[in-house]
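Data first, discussion second: the structure below is written as structure tokens.
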Amino acid sequence: MNSRQPIPVVVLAGFLGSGKTTVLNHLLAGRGGTRIGVVVNDFGSIEVDAMSVAGQVGDSMISLGGGCLCCAVDGSELDAYLEKLSAPVHRIDVIVIEASGLAEPQEMIRMLMASENPDIRYGGMVEVVDAAEFDATRARHPETDRHLAVADLVVLNKTDRVDAAERARIERELAVLCAPGTPVVGADHGRIDPELLFDRRPWTETRGQLSFEDLLAEADGHGHEGCGHAHAAYESTEFTTEQALSPRRFVDFLDRRPAGLYRIKGFVHFGVPGHDERYEVHAVGRFLRFAPGPWGRGEARVSRLVLIGSGTDGPGLLRELEACREPAPHEARPESMWCVLRYVARPEPGAEPEAEPEPEPSDEG
């Protein structure tokens, strides 16, 4: 039986010229010790984007030239590519699919959600938007609105090329076009903090193994240009409690999370009879997943969460989480977990509720 945690697969989408490759290169440059597998889907016969990132990921990259991934590759073929990257020999922590500028992200999401590969899981869709060409892109590609509607996180790139009033106007339009609660991260030259999408391992864990990282670590700081500035724009709030959390109140908190709260990660203890597992929670934008797993031998039943955002009210978030604490979880009915189980990617047999939970907005678009 495979005991490894499934590898998250993040779709990086956006129309031609929006800056997807720049965002990807920045994520690679700021990854720390994290091993990133990359699927680059270039449109056309010259794989310029693939050459741009090849020196940074080495053998952990698959380039698909000559057409859109969503059109040229069916689900079984995509599974084969992802199976290669998720092989234990690569020790990949996260996989990023850079979609062609003409790809249909809904179809890519569908293929990932339908994948039968137990070693990977869908990790959310990031849509890159060119602030300077926002109106022109929507005029040329009316499907832009449809793509934004299924995005879990929007990167408003090239904000250095528009003034404050224009940026505010675009952000207002994005708030209407995107699903409620979808966060919009401003960026120039594709600089966003990798921590918004995945955990970065300490340099010491891989030092001397990945030559690209060694070069960055030994550089005089130019190799990380922009990383510090990006990180400075975000705040991190940490929450720890030895008391179990109410599943209903916690999911309600997640459903109401403010737009500036980009990422939530950690472990939660609910303590509901029949559901005493440790629930890993992972949210990027409006994308949300729970993954149940066993507690370690002698591990304390403690909930630990990290919330990363911009312009968020840290003390206010902590107060809301404190209100999620449940003093008597053993008295809760098993069906109180339905709101959590609907966000579990592959529930174990028998874990599905016998009746449908109350309708709630889907995180899968």
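Chain labels run A, B, ... following the order of the structure tokens; each chain numbers its residues from 1, and ligands are numbered from 1 in the order shown.
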If we count only C-alpha atoms and set the cut-off at 12 Å, which residues sit around A:Phe250, ignoring sequence neighbours fewer than 6 positions away in its own chain? Please answer as a ChimeraX atom specification.
/A:244,256-257,268-270,281,303,305,317,320-326,336-337,339-340
Quick one: everything within 8 Å of stretch 153-168 of chain A, counting only C-alpha atoms, minus sequence neighbours fewer than 4 positions away in the same chain. Send it as a ChimeraX atom specification.
/A:18-19,124-132,148,172,182-190,262,284-286
Write down as JSON, numbers by chain the residues belonging to stretch 59-181 of chain A that are assigned helix (DSSP H, G or I) by DSSP computed on the backbone.
{"A": [69, 70, 71, 72, 75, 76, 77, 78, 79, 80, 81, 82, 83, 84, 85, 88, 89, 90, 105, 106, 107, 108, 109, 110, 111, 112, 113, 131, 132, 133, 134, 135, 136, 137, 138, 139, 140, 144, 145, 146, 147, 148, 149, 150, 159, 160, 161, 164, 165, 166, 167, 168, 169, 170, 171, 172, 173, 174, 175, 176, 177]}
For A:Pro315, list every protein, DNA or RNA residue within 12 Å, evaluated using only C-alpha atoms, and leave out those in the same chain fewer than 3 positions away; present the list as number ranges by chain.
A: 235-239, 307, 312, 318-322
Restrict the selected residues to C-alpha atoms and save them as a CSV table (one decimal), in the first residue's frame.
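So the final result, stored in again.csv, reads:
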chain,number,residue,atom,x,y,z
A,235,GLU,CA,1.2,38.3,6.6
A,236,SER,CA,1.2,35.0,8.3
A,237,THR,CA,-1.2,34.1,11.2
A,238,GLU,CA,-0.7,30.9,13.2
A,239,PHE,CA,-3.4,29.2,15.3
A,307,LEU,CA,-3.0,31.4,7.4
A,312,THR,CA,-6.1,40.5,6.7
A,318,LEU,CA,-7.8,34.1,15.5
A,319,ARG,CA,-11.0,35.1,17.3
A,320,GLU,CA,-13.1,33.4,14.6
A,321,LEU,CA,-11.0,30.2,14.9
A,322,GLU,CA,-11.3,30.3,18.7
What separates atom CA of A:Asp145 and atom CA of A:Leu12 is a distance of 16.3 Å
Residues within 9 Å of stretch 83-89 of chain A, only C-alpha atoms, excluding chain neighbours under 4 positions, as a PyMOL selection string
chain A and resi 6-7+37-39+60-62+78-79+93-95+117+119-120
Using only C-alpha atoms: which of A:Glu277, A:Glu104, A:Glu195, A:Glu173 has the shortest distance to A:Trp295:
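Closest candidate: A:Glu277.
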